[in-house]
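The block underneath contains the structure these notes are about, expressed in structure tokens.
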Amino acid sequence: NWTPSEISTELWLDAADASTLTGTSLIGQLGLLDLTANGGINPETGAAWAEGDTYRLVFVSSTRRNATSTNIADYNSHVQSAANTAGHGSVVWKAIASTADVNVRENTDTQDSDTDAAFFLMNGSTIISNNIADMWDGHANAQAININESGDSVIGHDGPWGGWASTWTGSNSNGTTAARPLGSANPTLGLASTAATSGQWVIRASTNATDQLYIYGISEVLTVAGRVDQVTNKSD
């Protein structure tokens with residue numbers, strides 16, 4: 001049986017054993033990407049998913065922290081820890097965030113020269129962006145990053161703008177560092193909520209750096225792989 005995260009690409013009977021059905025399938029790294037969703041099309045290429053295709057996963061952390069640190073590594077550590085706890089620690093995760101020294105595109109390897117890919121929520125089917133350019137074009141029609149590292153819907157919290165799941169970013173919607181980066185007195189925040197419009201997912205307001213808000217995380221570039229499966233008919 002093929003799971004929703006896999007695509008059967010070819011089936012044939014084993015020449016030596018007619019009771020064995022052998023097939024090749026595609027599966028995304030971490031096993032979260034639903035390769036049958038969205039018509040089975042890779043949004044970045046516009047073609048059917050194929051072995052070697054790339055993609056990325058994003059989430060909003062289920063845990064909160066302050067934004068007093070000027071070191072981007074502290075925010076990367078926060079989302080990596082969340083991913084580790086959820087069982088996704090075999091790959092590298094970075095914060096979708098900017099400090100005065102490092103902007104979000106540099107931190108997440110989403111500059112124009114970096115490997116392109118589509119971006120998905122942790123449910124493996126909801127498209128956040130078709131590619132890097134789409135991610136940082138102001139994101140006027142953006143789907144909210146409102147699912148956490150475990151694939152659960154984010155809930156509000158008791159911090160500023162908490163009813164809209166406020167999230168530290170320190171960034172502008174085009175991926176540059178905001179006037180109030182993380183580590184400043186009153187950093188920029190975004191909203192991990194479907195109520196957010198235009199670029200509000202990343203820049204909506206600012207608040208005291210000691211407040212406790214969520215952090216967005218993004219995976220390293222992940223790859224679709226091929227594998228061979230065999231199913232044996234045991235009815236004989």
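Every chain in the structure tokens takes a letter, A first, then B, and so on in the order presented; its residues are numbered from 1, and the ligands are numbered from 1 following the presented order.
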
Taking a cut-off of 12 Å and counting only C-alpha atoms, can you build a table that, for each residue of region 34-151 of chain A near region 171-183 of chain A, reports the nearest atom pair and how far apart they are in Å (one decimal), sorted by chain then residue number, as a Markdown table?
```
| residue | atom | partner | partner_atom | distance |
| --- | --- | --- | --- | --- |
| A:Arg65 | CA | A:Leu182 | CA | 11.5 |
| A:Asn66 | CA | A:Leu182 | CA | 9.2 |
| A:Ala67 | CA | A:Leu182 | CA | 5.4 |
| A:Thr68 | CA | A:Gly183 | CA | 4.5 |
| A:Ser69 | CA | A:Gly183 | CA | 4.7 |
| A:Thr70 | CA | A:Gly183 | CA | 4.2 |
| A:Asn71 | CA | A:Gly183 | CA | 7.6 |
| A:Ile72 | CA | A:Leu182 | CA | 8.3 |
| A:Ala73 | CA | A:Leu182 | CA | 11.6 |
| A:Asp74 | CA | A:Leu182 | CA | 10.6 |
| A:Tyr75 | CA | A:Leu182 | CA | 9.3 |
| A:Ala95 | CA | A:Ser171 | CA | 11.3 |
| A:Ile96 | CA | A:Ser171 | CA | 8.5 |
| A:Ala97 | CA | A:Ser171 | CA | 6.2 |
| A:Ser98 | CA | A:Ser171 | CA | 5.5 |
| A:Thr99 | CA | A:Leu182 | CA | 4.8 |
| A:Ala100 | CA | A:Pro181 | CA | 5.7 |
| A:Asp101 | CA | A:Thr177 | CA | 8.7 |
| A:Val102 | CA | A:Thr177 | CA | 7.6 |
| A:Asn103 | CA | A:Thr177 | CA | 5.0 |
| A:Val104 | CA | A:Gly175 | CA | 5.7 |
| A:Arg105 | CA | A:Gly175 | CA | 5.5 |
| A:Glu106 | CA | A:Gly175 | CA | 8.8 |
| A:Asn107 | CA | A:Gly175 | CA | 10.1 |
| A:Thr108 | CA | A:Gly175 | CA | 10.0 |
| A:Asp109 | CA | A:Gly175 | CA | 11.1 |
| A:Thr110 | CA | A:Gly175 | CA | 8.8 |
| A:Gln111 | CA | A:Gly175 | CA | 8.9 |
| A:Asp112 | CA | A:Gly175 | CA | 11.2 |
| A:Ile132 | CA | A:Gly175 | CA | 10.3 |
| A:Ala133 | CA | A:Asn174 | CA | 9.3 |
| A:Asp134 | CA | A:Asn174 | CA | 9.8 |
| A:Met135 | CA | A:Asn174 | CA | 8.1 |
| A:Trp136 | CA | A:Asn174 | CA | 4.5 |
| A:Asp137 | CA | A:Asn174 | CA | 5.7 |
| A:Gly138 | CA | A:Ser173 | CA | 4.9 |
| A:His139 | CA | A:Ser173 | CA | 7.0 |
| A:Ala140 | CA | A:Ser173 | CA | 9.3 |
| A:Ala142 | CA | A:Ser173 | CA | 10.8 |
```

task: Write out as a count of residues only the residues lying within 7 Å of Gly151 (chain A), counting only C-alpha atoms and excluding same-chain residues fewer than 3 positions away.
output: 4

message: Can you tell me which residues surround Tyr55 (chain A) at a distance of at most 10 Å, considering only C-alpha atoms, apart from same-chain residues fewer than 6 positions away, and format the answer as a ChimeraX atom specification?
response: /A:28-29,33,42-44,115-120,130-131,219-224

Generate a file of the selected residues that holds C-alpha atoms, formatted as a compact mmCIF listing (two decimals), in the first residue's frame.
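The result, stored in out.txt:
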```
# COMPACT_ATOMS: atom_id res chain seq x y z
CA GLY A 28 10.18 13.20 0.45
CA GLN A 29 12.97 13.56 2.98
CA LEU A 33 5.72 15.92 1.98
CA ASN A 42 5.83 20.44 -7.79
CA PRO A 43 4.94 24.16 -7.53
CA GLU A 44 8.52 25.21 -8.19
CA THR A 115 18.90 26.49 -4.43
CA ASP A 116 15.30 27.18 -5.37
CA ALA A 117 12.39 25.18 -4.00
CA ALA A 118 8.74 25.40 -3.01
CA PHE A 119 7.86 25.98 0.65
CA PHE A 120 5.26 23.87 2.51
CA ASN A 130 6.09 28.39 -5.03
CA ASN A 131 9.75 29.42 -4.90
CA SER A 219 14.24 23.48 7.03
CA GLU A 220 17.36 23.17 4.96
CA VAL A 221 16.72 22.23 1.32
CA LEU A 222 15.12 18.77 1.31
CA THR A 223 15.12 16.25 -1.54
CA VAL A 224 12.63 13.84 -3.07
```

- request: Mind the document's chain letters and residue numbers, and return as JSON, numbers by chain the residues of region 5-114 of chain A that DSSP labels strand (DSSP E).
  value: {"A": [6, 7, 8, 9, 10, 11, 12, 13, 14, 17, 18, 19, 20, 21, 22, 23, 24, 25, 26, 27, 28, 54, 55, 56, 57, 58, 59, 60, 93, 94, 95]}

- request: Could you please write out, as a VMD selection string, every residue of region 59-217 of chain A that DSSP assigns to alpha helix (DSSP H)?
  value: chain A and resid 72 to 85 104 to 107 132 to 135

Print the selection's residues with N, CA, C and O atoms to a file, as a PDB file, in the first residue's frame.
```pdb
ATOM      1  N   ILE A  72      21.998  35.726  15.869  1.00  0.00           N
ATOM      2  CA  ILE A  72      21.018  34.935  15.132  1.00  0.00           C
ATOM      3  C   ILE A  72      21.076  33.460  15.500  1.00  0.00           C
ATOM      4  O   ILE A  72      20.051  32.745  15.424  1.00  0.00           O
ATOM      5  N   ALA A  73      22.229  32.996  15.953  1.00  0.00           N
ATOM      6  CA  ALA A  73      22.375  31.590  16.323  1.00  0.00           C
ATOM      7  C   ALA A  73      21.440  31.204  17.462  1.00  0.00           C
ATOM      8  O   ALA A  73      21.005  30.048  17.553  1.00  0.00           O
ATOM      9  N   ASP A  74      21.103  32.142  18.330  1.00  0.00           N
ATOM     10  CA  ASP A  74      20.202  31.842  19.445  1.00  0.00           C
ATOM     11  C   ASP A  74      18.789  31.533  18.938  1.00  0.00           C
ATOM     12  O   ASP A  74      18.104  30.653  19.474  1.00  0.00           O
ATOM     13  N   TYR A  75      18.360  32.223  17.916  1.00  0.00           N
ATOM     14  CA  TYR A  75      17.026  31.985  17.352  1.00  0.00           C
ATOM     15  C   TYR A  75      17.022  30.714  16.504  1.00  0.00           C
ATOM     16  O   TYR A  75      16.033  29.969  16.498  1.00  0.00           O
ATOM     17  N   ASN A  76      18.135  30.453  15.817  1.00  0.00           N
ATOM     18  CA  ASN A  76      18.267  29.190  15.091  1.00  0.00           C
ATOM     19  C   ASN A  76      18.206  28.011  16.055  1.00  0.00           C
ATOM     20  O   ASN A  76      17.580  26.988  15.768  1.00  0.00           O
ATOM     21  N   SER A  77      18.852  28.157  17.184  1.00  0.00           N
ATOM     22  CA  SER A  77      18.851  27.100  18.187  1.00  0.00           C
ATOM     23  C   SER A  77      17.443  26.835  18.714  1.00  0.00           C
ATOM     24  O   SER A  77      17.069  25.687  18.980  1.00  0.00           O
ATOM     25  N   HIS A  78      16.654  27.889  18.827  1.00  0.00           N
ATOM     26  CA  HIS A  78      15.286  27.742  19.337  1.00  0.00           C
ATOM     27  C   HIS A  78      14.453  26.867  18.400  1.00  0.00           C
ATOM     28  O   HIS A  78      13.768  25.938  18.862  1.00  0.00           O
ATOM     29  N   VAL A  79      14.496  27.141  17.104  1.00  0.00           N
ATOM     30  CA  VAL A  79      13.675  26.358  16.179  1.00  0.00           C
ATOM     31  C   VAL A  79      14.266  24.961  15.958  1.00  0.00           C
ATOM     32  O   VAL A  79      13.523  23.997  15.746  1.00  0.00           O
ATOM     33  N   GLN A  80      15.584  24.839  16.010  1.00  0.00           N
ATOM     34  CA  GLN A  80      16.197  23.512  15.887  1.00  0.00           C
ATOM     35  C   GLN A  80      15.775  22.634  17.054  1.00  0.00           C
ATOM     36  O   GLN A  80      15.459  21.446  16.880  1.00  0.00           O
ATOM     37  N   SER A  81      15.749  23.204  18.245  1.00  0.00           N
ATOM     38  CA  SER A  81      15.324  22.450  19.424  1.00  0.00           C
ATOM     39  C   SER A  81      13.877  22.003  19.296  1.00  0.00           C
ATOM     40  O   SER A  81      13.526  20.865  19.642  1.00  0.00           O
ATOM     41  N   ALA A  82      13.028  22.902  18.780  1.00  0.00           N
ATOM     42  CA  ALA A  82      11.619  22.532  18.585  1.00  0.00           C
ATOM     43  C   ALA A  82      11.502  21.384  17.592  1.00  0.00           C
ATOM     44  O   ALA A  82      10.749  20.423  17.814  1.00  0.00           O
ATOM     45  N   ALA A  83      12.245  21.462  16.488  1.00  0.00           N
ATOM     46  CA  ALA A  83      12.210  20.400  15.479  1.00  0.00           C
ATOM     47  C   ALA A  83      12.755  19.091  16.038  1.00  0.00           C
ATOM     48  O   ALA A  83      12.213  18.014  15.761  1.00  0.00           O
ATOM     49  N   ASN A  84      13.814  19.174  16.816  1.00  0.00           N
ATOM     50  CA  ASN A  84      14.388  17.975  17.434  1.00  0.00           C
ATOM     51  C   ASN A  84      13.351  17.267  18.299  1.00  0.00           C
ATOM     52  O   ASN A  84      13.193  16.040  18.245  1.00  0.00           O
ATOM     53  N   THR A  85      12.652  18.040  19.115  1.00  0.00           N
ATOM     54  CA  THR A  85      11.649  17.479  20.017  1.00  0.00           C
ATOM     55  C   THR A  85      10.520  16.800  19.247  1.00  0.00           C
ATOM     56  O   THR A  85       9.968  15.794  19.679  1.00  0.00           O
ATOM     57  N   VAL A 104      17.193  37.877   7.136  1.00  0.00           N
ATOM     58  CA  VAL A 104      16.527  36.583   7.078  1.00  0.00           C
ATOM     59  C   VAL A 104      16.883  35.794   5.822  1.00  0.00           C
ATOM     60  O   VAL A 104      16.993  34.559   5.864  1.00  0.00           O
ATOM     61  N   ARG A 105      17.091  36.449   4.712  1.00  0.00           N
ATOM     62  CA  ARG A 105      17.421  35.728   3.491  1.00  0.00           C
ATOM     63  C   ARG A 105      18.812  35.109   3.582  1.00  0.00           C
ATOM     64  O   ARG A 105      19.038  33.995   3.087  1.00  0.00           O
ATOM     65  N   GLU A 106      19.734  35.815   4.209  1.00  0.00           N
ATOM     66  CA  GLU A 106      21.071  35.257   4.438  1.00  0.00           C
ATOM     67  C   GLU A 106      20.988  34.084   5.400  1.00  0.00           C
ATOM     68  O   GLU A 106      21.615  33.031   5.188  1.00  0.00           O
ATOM     69  N   ASN A 107      20.225  34.259   6.474  1.00  0.00           N
ATOM     70  CA  ASN A 107      20.168  33.231   7.507  1.00  0.00           C
ATOM     71  C   ASN A 107      19.522  31.946   7.019  1.00  0.00           C
ATOM     72  O   ASN A 107      19.917  30.846   7.419  1.00  0.00           O
ATOM     73  N   ILE A 132      11.575  30.817  -4.101  1.00  0.00           N
ATOM     74  CA  ILE A 132      12.195  31.865  -3.291  1.00  0.00           C
ATOM     75  C   ILE A 132      11.646  33.244  -3.641  1.00  0.00           C
ATOM     76  O   ILE A 132      11.325  34.044  -2.754  1.00  0.00           O
ATOM     77  N   ALA A 133      11.521  33.528  -4.940  1.00  0.00           N
ATOM     78  CA  ALA A 133      11.028  34.843  -5.346  1.00  0.00           C
ATOM     79  C   ALA A 133       9.626  35.089  -4.790  1.00  0.00           C
ATOM     80  O   ALA A 133       9.304  36.194  -4.341  1.00  0.00           O
ATOM     81  N   ASP A 134       8.797  34.058  -4.816  1.00  0.00           N
ATOM     82  CA  ASP A 134       7.434  34.162  -4.307  1.00  0.00           C
ATOM     83  C   ASP A 134       7.428  34.390  -2.796  1.00  0.00           C
ATOM     84  O   ASP A 134       6.566  35.095  -2.266  1.00  0.00           O
ATOM     85  N   MET A 135       8.408  33.811  -2.108  1.00  0.00           N
ATOM     86  CA  MET A 135       8.496  33.963  -0.654  1.00  0.00           C
ATOM     87  C   MET A 135       8.748  35.405  -0.258  1.00  0.00           C
ATOM     88  O   MET A 135       8.217  35.890   0.746  1.00  0.00           O
TER      89      MET A 135
END
```
